[in-house]
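Engineer: Can you keep this structure in mind? I'll have questions shortly.
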Amino acid sequence: MRTSVGGATRDSITVRGRDLATEIMGTMSFSDLAYLLAADRVPSEGESRLFNAILVSLADHGLTPTALAARLTYTGAPESLQGAIAAGLLGGGSVFLGPVEDTARFLAEILNGIGDDPDEAALRSAAERAVRDTVGVGRRIPGLGHPIHRDTDPRTPRLYELAEDVGLAGPHLRLLELVAEAHRNETGKALPINGAGAAGAALADLGFPPTIGRGFALLARTAGLIGHLAEESQHPIGMRLWQEVDR
């Protein structure tokens, strides 16, 4: 049983065939390393820039339920930082973080039905059909709407801008725009493309499958949770939260 991801001998460590100490440390950023680990290749300059922006966009969103879960777990078990981080990550589902994967999967299913290299008319028609079918059975369109950013999620236009700048705005990102437009026409509701949805589309345009997209969302949010727990250790609110609920 072997793995090509990495290995170690008595005097060396390798990651994807590269010597960790001499070829990666001090040379490659953490986000580039994450890309290398998942894709088995070093990203291009444009891929690196977009991928890093995606991770940054998903790192934190304030006192969300995932952050609260981590903080409250830390309140009960401050000796278990890993347990608190895990508690926060376990809350990554269809409402928080999960739309990264859900959106990529939704878009992939549409694209799989119209073949390779579709033109604008084919994309638009497929988007309208998918939205009509999904709304018709009472299901929510992943990647649209946000509980705070009711008009525009500030992350979304920036991700689109960066994707255009580096020449990586592919069919998934374009299709998501058409899905939002079709949903607006179908329902009369102008829901913005949320940051998680845009991140999922951008990751798909980078070539990553939807399931790996959720992994990157969790990787990014881990950094945010570490920040919350660092703050919790210095300026705790967990006990006050519990007491407020108790009152």
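For the structure tokens, the naming scheme is as follows: chains receive sequential letters (A, B, ...) according to their order of presentation, residues are indexed from 1 within each chain, and ligands are indexed from 1 in presentation order.
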So that I can check the secondary structure, give me every residue of stretch 114-199 of chain A assigned helix (DSSP H, G or I) by backbone DSSP, as a PDB file with N, CA, C and O atoms, in the first residue's frame.
Structural biologist:
```pdb
ATOM      1  N   GLU A 120     -22.979  30.571 -25.412  1.00  0.00           N
ATOM      2  CA  GLU A 120     -23.776  31.366 -24.470  1.00  0.00           C
ATOM      3  C   GLU A 120     -25.244  30.969 -24.504  1.00  0.00           C
ATOM      4  O   GLU A 120     -25.887  30.867 -23.457  1.00  0.00           O
ATOM      5  N   ALA A 121     -25.778  30.722 -25.694  1.00  0.00           N
ATOM      6  CA  ALA A 121     -27.190  30.362 -25.805  1.00  0.00           C
ATOM      7  C   ALA A 121     -27.477  29.037 -25.120  1.00  0.00           C
ATOM      8  O   ALA A 121     -28.501  28.880 -24.437  1.00  0.00           O
ATOM      9  N   ALA A 122     -26.575  28.083 -25.266  1.00  0.00           N
ATOM     10  CA  ALA A 122     -26.758  26.776 -24.632  1.00  0.00           C
ATOM     11  C   ALA A 122     -26.675  26.897 -23.113  1.00  0.00           C
ATOM     12  O   ALA A 122     -27.450  26.267 -22.382  1.00  0.00           O
ATOM     13  N   LEU A 123     -25.741  27.710 -22.635  1.00  0.00           N
ATOM     14  CA  LEU A 123     -25.617  27.924 -21.185  1.00  0.00           C
ATOM     15  C   LEU A 123     -26.880  28.569 -20.626  1.00  0.00           C
ATOM     16  O   LEU A 123     -27.403  28.149 -19.585  1.00  0.00           O
ATOM     17  N   ARG A 124     -27.368  29.576 -21.302  1.00  0.00           N
ATOM     18  CA  ARG A 124     -28.554  30.285 -20.825  1.00  0.00           C
ATOM     19  C   ARG A 124     -29.774  29.359 -20.804  1.00  0.00           C
ATOM     20  O   ARG A 124     -30.535  29.340 -19.832  1.00  0.00           O
ATOM     21  N   SER A 125     -29.957  28.604 -21.872  1.00  0.00           N
ATOM     22  CA  SER A 125     -31.091  27.692 -21.948  1.00  0.00           C
ATOM     23  C   SER A 125     -31.018  26.631 -20.854  1.00  0.00           C
ATOM     24  O   SER A 125     -32.025  26.313 -20.207  1.00  0.00           O
ATOM     25  N   ALA A 126     -29.822  26.098 -20.628  1.00  0.00           N
ATOM     26  CA  ALA A 126     -29.645  25.075 -19.596  1.00  0.00           C
ATOM     27  C   ALA A 126     -29.884  25.651 -18.206  1.00  0.00           C
ATOM     28  O   ALA A 126     -30.472  24.990 -17.342  1.00  0.00           O
ATOM     29  N   ALA A 127     -29.428  26.883 -17.981  1.00  0.00           N
ATOM     30  CA  ALA A 127     -29.643  27.536 -16.691  1.00  0.00           C
ATOM     31  C   ALA A 127     -31.125  27.735 -16.427  1.00  0.00           C
ATOM     32  O   ALA A 127     -31.623  27.464 -15.328  1.00  0.00           O
ATOM     33  N   GLU A 128     -31.832  28.211 -17.423  1.00  0.00           N
ATOM     34  CA  GLU A 128     -33.278  28.442 -17.265  1.00  0.00           C
ATOM     35  C   GLU A 128     -34.016  27.147 -16.974  1.00  0.00           C
ATOM     36  O   GLU A 128     -34.901  27.092 -16.114  1.00  0.00           O
ATOM     37  N   ARG A 129     -33.646  26.084 -17.669  1.00  0.00           N
ATOM     38  CA  ARG A 129     -34.299  24.796 -17.477  1.00  0.00           C
ATOM     39  C   ARG A 129     -34.017  24.242 -16.075  1.00  0.00           C
ATOM     40  O   ARG A 129     -34.915  23.754 -15.390  1.00  0.00           O
ATOM     41  N   ALA A 130     -32.771  24.336 -15.640  1.00  0.00           N
ATOM     42  CA  ALA A 130     -32.393  23.810 -14.323  1.00  0.00           C
ATOM     43  C   ALA A 130     -33.082  24.587 -13.206  1.00  0.00           C
ATOM     44  O   ALA A 130     -33.551  23.998 -12.226  1.00  0.00           O
ATOM     45  N   VAL A 131     -33.141  25.901 -13.343  1.00  0.00           N
ATOM     46  CA  VAL A 131     -33.807  26.725 -12.327  1.00  0.00           C
ATOM     47  C   VAL A 131     -35.296  26.412 -12.290  1.00  0.00           C
ATOM     48  O   VAL A 131     -35.886  26.247 -11.208  1.00  0.00           O
ATOM     49  N   ARG A 132     -35.904  26.316 -13.435  1.00  0.00           N
ATOM     50  CA  ARG A 132     -37.344  26.022 -13.505  1.00  0.00           C
ATOM     51  C   ARG A 132     -37.657  24.667 -12.848  1.00  0.00           C
ATOM     52  O   ARG A 132     -38.598  24.548 -12.063  1.00  0.00           O
ATOM     53  N   ASP A 133     -36.854  23.667 -13.139  1.00  0.00           N
ATOM     54  CA  ASP A 133     -37.080  22.340 -12.575  1.00  0.00           C
ATOM     55  C   ASP A 133     -36.853  22.327 -11.059  1.00  0.00           C
ATOM     56  O   ASP A 133     -37.597  21.693 -10.314  1.00  0.00           O
ATOM     57  N   THR A 134     -35.805  23.025 -10.609  1.00  0.00           N
ATOM     58  CA  THR A 134     -35.461  23.029  -9.181  1.00  0.00           C
ATOM     59  C   THR A 134     -36.490  23.799  -8.371  1.00  0.00           C
ATOM     60  O   THR A 134     -36.949  23.332  -7.321  1.00  0.00           O
ATOM     61  N   VAL A 135     -36.852  24.976  -8.847  1.00  0.00           N
ATOM     62  CA  VAL A 135     -37.862  25.781  -8.155  1.00  0.00           C
ATOM     63  C   VAL A 135     -39.214  25.073  -8.183  1.00  0.00           C
ATOM     64  O   VAL A 135     -39.975  25.125  -7.210  1.00  0.00           O
ATOM     65  N   GLY A 136     -39.478  24.370  -9.266  1.00  0.00           N
ATOM     66  CA  GLY A 136     -40.764  23.693  -9.411  1.00  0.00           C
ATOM     67  C   GLY A 136     -41.012  22.618  -8.376  1.00  0.00           C
ATOM     68  O   GLY A 136     -42.168  22.330  -8.037  1.00  0.00           O
ATOM     69  N   ARG A 155     -17.745  39.606  -1.490  1.00  0.00           N
ATOM     70  CA  ARG A 155     -16.713  38.686  -1.979  1.00  0.00           C
ATOM     71  C   ARG A 155     -16.929  38.313  -3.445  1.00  0.00           C
ATOM     72  O   ARG A 155     -15.977  38.043  -4.172  1.00  0.00           O
ATOM     73  N   THR A 156     -18.193  38.289  -3.856  1.00  0.00           N
ATOM     74  CA  THR A 156     -18.522  37.744  -5.170  1.00  0.00           C
ATOM     75  C   THR A 156     -17.955  38.566  -6.329  1.00  0.00           C
ATOM     76  O   THR A 156     -17.259  38.013  -7.199  1.00  0.00           O
ATOM     77  N   PRO A 157     -18.222  39.883  -6.400  1.00  0.00           N
ATOM     78  CA  PRO A 157     -17.655  40.629  -7.533  1.00  0.00           C
ATOM     79  C   PRO A 157     -16.136  40.609  -7.549  1.00  0.00           C
ATOM     80  O   PRO A 157     -15.524  40.634  -8.631  1.00  0.00           O
ATOM     81  N   ARG A 158     -15.519  40.525  -6.372  1.00  0.00           N
ATOM     82  CA  ARG A 158     -14.056  40.484  -6.326  1.00  0.00           C
ATOM     83  C   ARG A 158     -13.533  39.158  -6.886  1.00  0.00           C
ATOM     84  O   ARG A 158     -12.537  39.155  -7.639  1.00  0.00           O
ATOM     85  N   LEU A 159     -14.189  38.046  -6.567  1.00  0.00           N
ATOM     86  CA  LEU A 159     -13.762  36.764  -7.112  1.00  0.00           C
ATOM     87  C   LEU A 159     -13.936  36.737  -8.632  1.00  0.00           C
ATOM     88  O   LEU A 159     -13.070  36.237  -9.358  1.00  0.00           O
ATOM     89  N   TYR A 160     -15.044  37.282  -9.107  1.00  0.00           N
ATOM     90  CA  TYR A 160     -15.251  37.347 -10.554  1.00  0.00           C
ATOM     91  C   TYR A 160     -14.193  38.227 -11.213  1.00  0.00           C
ATOM     92  O   TYR A 160     -13.669  37.899 -12.288  1.00  0.00           O
ATOM     93  N   GLU A 161     -13.883  39.354 -10.586  1.00  0.00           N
ATOM     94  CA  GLU A 161     -12.872  40.264 -11.120  1.00  0.00           C
ATOM     95  C   GLU A 161     -11.508  39.579 -11.203  1.00  0.00           C
ATOM     96  O   GLU A 161     -10.809  39.677 -12.227  1.00  0.00           O
ATOM     97  N   LEU A 162     -11.136  38.881 -10.127  1.00  0.00           N
ATOM     98  CA  LEU A 162      -9.847  38.201 -10.110  1.00  0.00           C
ATOM     99  C   LEU A 162      -9.794  37.090 -11.153  1.00  0.00           C
ATOM    100  O   LEU A 162      -8.771  36.904 -11.828  1.00  0.00           O
ATOM    101  N   ALA A 163     -10.889  36.337 -11.282  1.00  0.00           N
ATOM    102  CA  ALA A 163     -10.937  35.267 -12.273  1.00  0.00           C
ATOM    103  C   ALA A 163     -10.760  35.824 -13.685  1.00  0.00           C
ATOM    104  O   ALA A 163     -10.052  35.236 -14.519  1.00  0.00           O
ATOM    105  N   GLU A 164     -11.395  36.962 -13.957  1.00  0.00           N
ATOM    106  CA  GLU A 164     -11.237  37.605 -15.262  1.00  0.00           C
ATOM    107  C   GLU A 164      -9.800  38.086 -15.456  1.00  0.00           C
ATOM    108  O   GLU A 164      -9.215  37.917 -16.534  1.00  0.00           O
ATOM    109  N   ASP A 165      -9.229  38.678 -14.407  1.00  0.00           N
ATOM    110  CA  ASP A 165      -7.873  39.228 -14.499  1.00  0.00           C
ATOM    111  C   ASP A 165      -6.850  38.161 -14.873  1.00  0.00           C
ATOM    112  O   ASP A 165      -5.892  38.435 -15.605  1.00  0.00           O
ATOM    113  N   PRO A 171     -16.651  28.280 -17.555  1.00  0.00           N
ATOM    114  CA  PRO A 171     -18.086  28.047 -17.728  1.00  0.00           C
ATOM    115  C   PRO A 171     -18.880  27.958 -16.431  1.00  0.00           C
ATOM    116  O   PRO A 171     -20.057  28.309 -16.412  1.00  0.00           O
ATOM    117  N   HIS A 172     -18.258  27.501 -15.357  1.00  0.00           N
ATOM    118  CA  HIS A 172     -18.998  27.396 -14.101  1.00  0.00           C
ATOM    119  C   HIS A 172     -19.349  28.782 -13.544  1.00  0.00           C
ATOM    120  O   HIS A 172     -20.475  29.015 -13.100  1.00  0.00           O
ATOM    121  N   LEU A 173     -18.383  29.685 -13.574  1.00  0.00           N
ATOM    122  CA  LEU A 173     -18.651  31.047 -13.100  1.00  0.00           C
ATOM    123  C   LEU A 173     -19.683  31.740 -13.979  1.00  0.00           C
ATOM    124  O   LEU A 173     -20.580  32.416 -13.478  1.00  0.00           O
ATOM    125  N   ARG A 174     -19.567  31.577 -15.291  1.00  0.00           N
ATOM    126  CA  ARG A 174     -20.546  32.204 -16.182  1.00  0.00           C
ATOM    127  C   ARG A 174     -21.922  31.590 -15.992  1.00  0.00           C
ATOM    128  O   ARG A 174     -22.928  32.313 -15.949  1.00  0.00           O
ATOM    129  N   LEU A 175     -21.983  30.279 -15.864  1.00  0.00           N
ATOM    130  CA  LEU A 175     -23.263  29.609 -15.675  1.00  0.00           C
ATOM    131  C   LEU A 175     -23.938  30.067 -14.383  1.00  0.00           C
ATOM    132  O   LEU A 175     -25.158  30.249 -14.346  1.00  0.00           O
ATOM    133  N   LEU A 176     -23.155  30.280 -13.340  1.00  0.00           N
ATOM    134  CA  LEU A 176     -23.739  30.738 -12.077  1.00  0.00           C
ATOM    135  C   LEU A 176     -24.400  32.099 -12.243  1.00  0.00           C
ATOM    136  O   LEU A 176     -25.468  32.358 -11.673  1.00  0.00           O
ATOM    137  N   GLU A 177     -23.800  32.980 -13.022  1.00  0.00           N
ATOM    138  CA  GLU A 177     -24.430  34.270 -13.304  1.00  0.00           C
ATOM    139  C   GLU A 177     -25.764  34.079 -14.023  1.00  0.00           C
ATOM    140  O   GLU A 177     -26.756  34.751 -13.715  1.00  0.00           O
ATOM    141  N   LEU A 178     -25.782  33.166 -14.977  1.00  0.00           N
ATOM    142  CA  LEU A 178     -27.010  32.911 -15.727  1.00  0.00           C
ATOM    143  C   LEU A 178     -28.065  32.240 -14.861  1.00  0.00           C
ATOM    144  O   LEU A 178     -29.263  32.482 -15.030  1.00  0.00           O
ATOM    145  N   VAL A 179     -27.637  31.409 -13.931  1.00  0.00           N
ATOM    146  CA  VAL A 179     -28.572  30.781 -12.982  1.00  0.00           C
ATOM    147  C   VAL A 179     -29.218  31.852 -12.106  1.00  0.00           C
ATOM    148  O   VAL A 179     -30.431  31.836 -11.870  1.00  0.00           O
ATOM    149  N   ALA A 180     -28.421  32.805 -11.621  1.00  0.00           N
ATOM    150  CA  ALA A 180     -28.964  33.889 -10.801  1.00  0.00           C
ATOM    151  C   ALA A 180     -29.967  34.713 -11.598  1.00  0.00           C
ATOM    152  O   ALA A 180     -31.031  35.106 -11.081  1.00  0.00           O
ATOM    153  N   GLU A 181     -29.640  34.975 -12.855  1.00  0.00           N
ATOM    154  CA  GLU A 181     -30.544  35.736 -13.714  1.00  0.00           C
ATOM    155  C   GLU A 181     -31.839  34.960 -13.967  1.00  0.00           C
ATOM    156  O   GLU A 181     -32.947  35.519 -13.899  1.00  0.00           O
ATOM    157  N   ALA A 182     -31.709  33.665 -14.244  1.00  0.00           N
ATOM    158  CA  ALA A 182     -32.885  32.828 -14.500  1.00  0.00           C
ATOM    159  C   ALA A 182     -33.761  32.721 -13.257  1.00  0.00           C
ATOM    160  O   ALA A 182     -35.001  32.744 -13.347  1.00  0.00           O
ATOM    161  N   HIS A 183     -33.142  32.635 -12.092  1.00  0.00           N
ATOM    162  CA  HIS A 183     -33.911  32.564 -10.847  1.00  0.00           C
ATOM    163  C   HIS A 183     -34.680  33.855 -10.610  1.00  0.00           C
ATOM    164  O   HIS A 183     -35.840  33.834 -10.171  1.00  0.00           O
ATOM    165  N   ARG A 184     -34.043  34.974 -10.907  1.00  0.00           N
ATOM    166  CA  ARG A 184     -34.702  36.269 -10.752  1.00  0.00           C
ATOM    167  C   ARG A 184     -35.917  36.361 -11.680  1.00  0.00           C
ATOM    168  O   ARG A 184     -36.994  36.822 -11.277  1.00  0.00           O
ATOM    169  N   ASN A 185     -35.769  35.896 -12.912  1.00  0.00           N
ATOM    170  CA  ASN A 185     -36.879  35.941 -13.867  1.00  0.00           C
ATOM    171  C   ASN A 185     -37.985  34.959 -13.501  1.00  0.00           C
ATOM    172  O   ASN A 185     -39.170  35.232 -13.723  1.00  0.00           O
ATOM    173  N   GLU A 186     -37.602  33.818 -12.940  1.00  0.00           N
ATOM    174  CA  GLU A 186     -38.576  32.780 -12.613  1.00  0.00           C
ATOM    175  C   GLU A 186     -39.383  33.118 -11.369  1.00  0.00           C
ATOM    176  O   GLU A 186     -40.587  32.841 -11.296  1.00  0.00           O
ATOM    177  N   THR A 187     -38.739  33.721 -10.372  1.00  0.00           N
ATOM    178  CA  THR A 187     -39.383  33.932  -9.073  1.00  0.00           C
ATOM    179  C   THR A 187     -39.691  35.388  -8.761  1.00  0.00           C
ATOM    180  O   THR A 187     -40.469  35.675  -7.841  1.00  0.00           O
ATOM    181  N   GLY A 195     -20.809  34.400  -1.625  1.00  0.00           N
ATOM    182  CA  GLY A 195     -19.375  34.143  -1.749  1.00  0.00           C
ATOM    183  C   GLY A 195     -19.037  32.678  -1.823  1.00  0.00           C
ATOM    184  O   GLY A 195     -18.122  32.274  -2.554  1.00  0.00           O
ATOM    185  N   ALA A 196     -19.753  31.848  -1.057  1.00  0.00           N
ATOM    186  CA  ALA A 196     -19.486  30.415  -1.081  1.00  0.00           C
ATOM    187  C   ALA A 196     -19.824  29.830  -2.443  1.00  0.00           C
ATOM    188  O   ALA A 196     -19.093  28.976  -2.967  1.00  0.00           O
ATOM    189  N   GLY A 197     -20.925  30.277  -3.032  1.00  0.00           N
ATOM    190  CA  GLY A 197     -21.294  29.802  -4.357  1.00  0.00           C
ATOM    191  C   GLY A 197     -20.277  30.204  -5.410  1.00  0.00           C
ATOM    192  O   GLY A 197     -19.881  29.400  -6.265  1.00  0.00           O
ATOM    193  N   ALA A 198     -19.839  31.466  -5.354  1.00  0.00           N
ATOM    194  CA  ALA A 198     -18.827  31.934  -6.304  1.00  0.00           C
ATOM    195  C   ALA A 198     -17.524  31.168  -6.115  1.00  0.00           C
ATOM    196  O   ALA A 198     -16.843  30.825  -7.086  1.00  0.00           O
ATOM    197  N   ALA A 199     -17.182  30.880  -4.862  1.00  0.00           N
ATOM    198  CA  ALA A 199     -15.965  30.106  -4.588  1.00  0.00           C
ATOM    199  C   ALA A 199     -16.080  28.708  -5.169  1.00  0.00           C
ATOM    200  O   ALA A 199     -15.127  28.183  -5.760  1.00  0.00           O
TER     201      ALA A 199
END
```
Engineer: What's the 12 Å shell around A:Ser44, counting only C-alpha atoms, without same-chain residues fewer than 2 positions away, as a list in words?
Structural biologist: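 Counting only the stated atoms, we get Asp32, Tyr35, Leu36, Ala39, Arg41, Val42, Gly46, Glu47, Ser48, Arg49, Leu50, Phe51, Asn52, Val166, Gly167, Leu168 and Leu206 of chain A.
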Engineer: Provide the atom CA of A:Gln234 to atom CA of A:Gly92 distance in Å, to one decimal place.
Structural biologist: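 Straight-line distance from atom CA of A:Gln234 to atom CA of A:Gly92 works out to 25.4 Å.
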Engineer: Contacts of A:Gln82 at 12 Å or less, counting only C-alpha atoms, minus same-chain residues fewer than 4 places along, as an MDAnalysis selection string?
Structural biologist: chainID A and resid 70:71 73:74 77:78 86:89 222 225:226 229
Engineer: Since we have the selection now, will you write its residues out, keeping N, CA, C and O atoms, as a PDB file, in the first residue's frame?
Structural biologist:
```
ATOM      1  N   ALA A  70     -17.453  26.374  18.072  1.00  0.00           N
ATOM      2  CA  ALA A  70     -16.055  26.227  18.473  1.00  0.00           C
ATOM      3  C   ALA A  70     -15.791  26.927  19.805  1.00  0.00           C
ATOM      4  O   ALA A  70     -15.145  26.377  20.703  1.00  0.00           O
ATOM      5  N   ARG A  71     -16.294  28.144  19.943  1.00  0.00           N
ATOM      6  CA  ARG A  71     -16.056  28.897  21.176  1.00  0.00           C
ATOM      7  C   ARG A  71     -16.708  28.228  22.385  1.00  0.00           C
ATOM      8  O   ARG A  71     -16.105  28.147  23.470  1.00  0.00           O
ATOM      9  N   THR A  73     -17.499  25.067  22.738  1.00  0.00           N
ATOM     10  CA  THR A  73     -16.776  23.832  23.045  1.00  0.00           C
ATOM     11  C   THR A  73     -15.501  24.137  23.804  1.00  0.00           C
ATOM     12  O   THR A  73     -15.145  23.441  24.762  1.00  0.00           O
ATOM     13  N   TYR A  74     -14.824  25.190  23.392  1.00  0.00           N
ATOM     14  CA  TYR A  74     -13.602  25.604  24.088  1.00  0.00           C
ATOM     15  C   TYR A  74     -13.912  26.024  25.523  1.00  0.00           C
ATOM     16  O   TYR A  74     -13.127  25.768  26.441  1.00  0.00           O
ATOM     17  N   ALA A  77     -14.133  22.823  27.344  1.00  0.00           N
ATOM     18  CA  ALA A  77     -12.924  21.992  27.321  1.00  0.00           C
ATOM     19  C   ALA A  77     -11.747  22.790  26.776  1.00  0.00           C
ATOM     20  O   ALA A  77     -11.274  22.542  25.661  1.00  0.00           O
ATOM     21  N   PRO A  78     -11.259  23.778  27.533  1.00  0.00           N
ATOM     22  CA  PRO A  78     -10.163  24.608  27.026  1.00  0.00           C
ATOM     23  C   PRO A  78      -8.866  23.830  26.807  1.00  0.00           C
ATOM     24  O   PRO A  78      -7.968  24.320  26.122  1.00  0.00           O
ATOM     25  N   ALA A  86     -12.744  21.067  15.735  1.00  0.00           N
ATOM     26  CA  ALA A  86     -13.575  20.037  15.110  1.00  0.00           C
ATOM     27  C   ALA A  86     -15.055  20.376  15.245  1.00  0.00           C
ATOM     28  O   ALA A  86     -15.833  20.201  14.306  1.00  0.00           O
ATOM     29  N   ALA A  87     -15.449  20.887  16.415  1.00  0.00           N
ATOM     30  CA  ALA A  87     -16.852  21.249  16.625  1.00  0.00           C
ATOM     31  C   ALA A  87     -17.290  22.318  15.627  1.00  0.00           C
ATOM     32  O   ALA A  87     -18.398  22.268  15.084  1.00  0.00           O
ATOM     33  N   GLY A  88     -16.421  23.281  15.367  1.00  0.00           N
ATOM     34  CA  GLY A  88     -16.756  24.316  14.407  1.00  0.00           C
ATOM     35  C   GLY A  88     -16.845  23.782  12.992  1.00  0.00           C
ATOM     36  O   GLY A  88     -17.747  24.140  12.234  1.00  0.00           O
ATOM     37  N   LEU A  89     -15.927  22.888  12.643  1.00  0.00           N
ATOM     38  CA  LEU A  89     -15.927  22.337  11.288  1.00  0.00           C
ATOM     39  C   LEU A  89     -17.117  21.421  11.042  1.00  0.00           C
ATOM     40  O   LEU A  89     -17.616  21.333   9.917  1.00  0.00           O
ATOM     41  N   THR A 222     -10.823  26.679   8.978  1.00  0.00           N
ATOM     42  CA  THR A 222      -9.970  26.305  10.114  1.00  0.00           C
ATOM     43  C   THR A 222      -9.151  27.501  10.589  1.00  0.00           C
ATOM     44  O   THR A 222      -8.996  27.735  11.791  1.00  0.00           O
ATOM     45  N   LEU A 225     -11.420  29.731  12.571  1.00  0.00           N
ATOM     46  CA  LEU A 225     -11.722  29.175  13.895  1.00  0.00           C
ATOM     47  C   LEU A 225     -10.535  29.310  14.838  1.00  0.00           C
ATOM     48  O   LEU A 225     -10.714  29.574  16.033  1.00  0.00           O
ATOM     49  N   ILE A 226      -9.334  29.135  14.328  1.00  0.00           N
ATOM     50  CA  ILE A 226      -8.153  29.345  15.163  1.00  0.00           C
ATOM     51  C   ILE A 226      -8.133  30.783  15.669  1.00  0.00           C
ATOM     52  O   ILE A 226      -7.815  31.055  16.837  1.00  0.00           O
ATOM     53  N   LEU A 229     -10.670  31.129  18.447  1.00  0.00           N
ATOM     54  CA  LEU A 229     -10.237  30.472  19.683  1.00  0.00           C
ATOM     55  C   LEU A 229      -9.066  31.201  20.327  1.00  0.00           C
ATOM     56  O   LEU A 229      -8.945  31.231  21.554  1.00  0.00           O
TER      57      LEU A 229
END
```
Engineer: Grab the atom CA of A:Asp117 to atom CA of A:Ile141 distance for me, in Å with one decimal place.
Structural biologist: 23.5 Å
Engineer: Calculated over only C-alpha atoms, which of the candidates A:Pro154, A:Leu219, A:Thr64, A:Gly143 has the smallest distance to A:Ser94?
Structural biologist: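 Checking each candidate against A:Ser94, we get A:Gly143 as the closest.
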Engineer: Could you tell me how far atom CA of A:Ala38 lies from atom CA of A:Gly207, in Å and to one decimal?
Structural biologist: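 Going from atom CA of A:Ala38 over to atom CA of A:Gly207 covers 10.6 Å.
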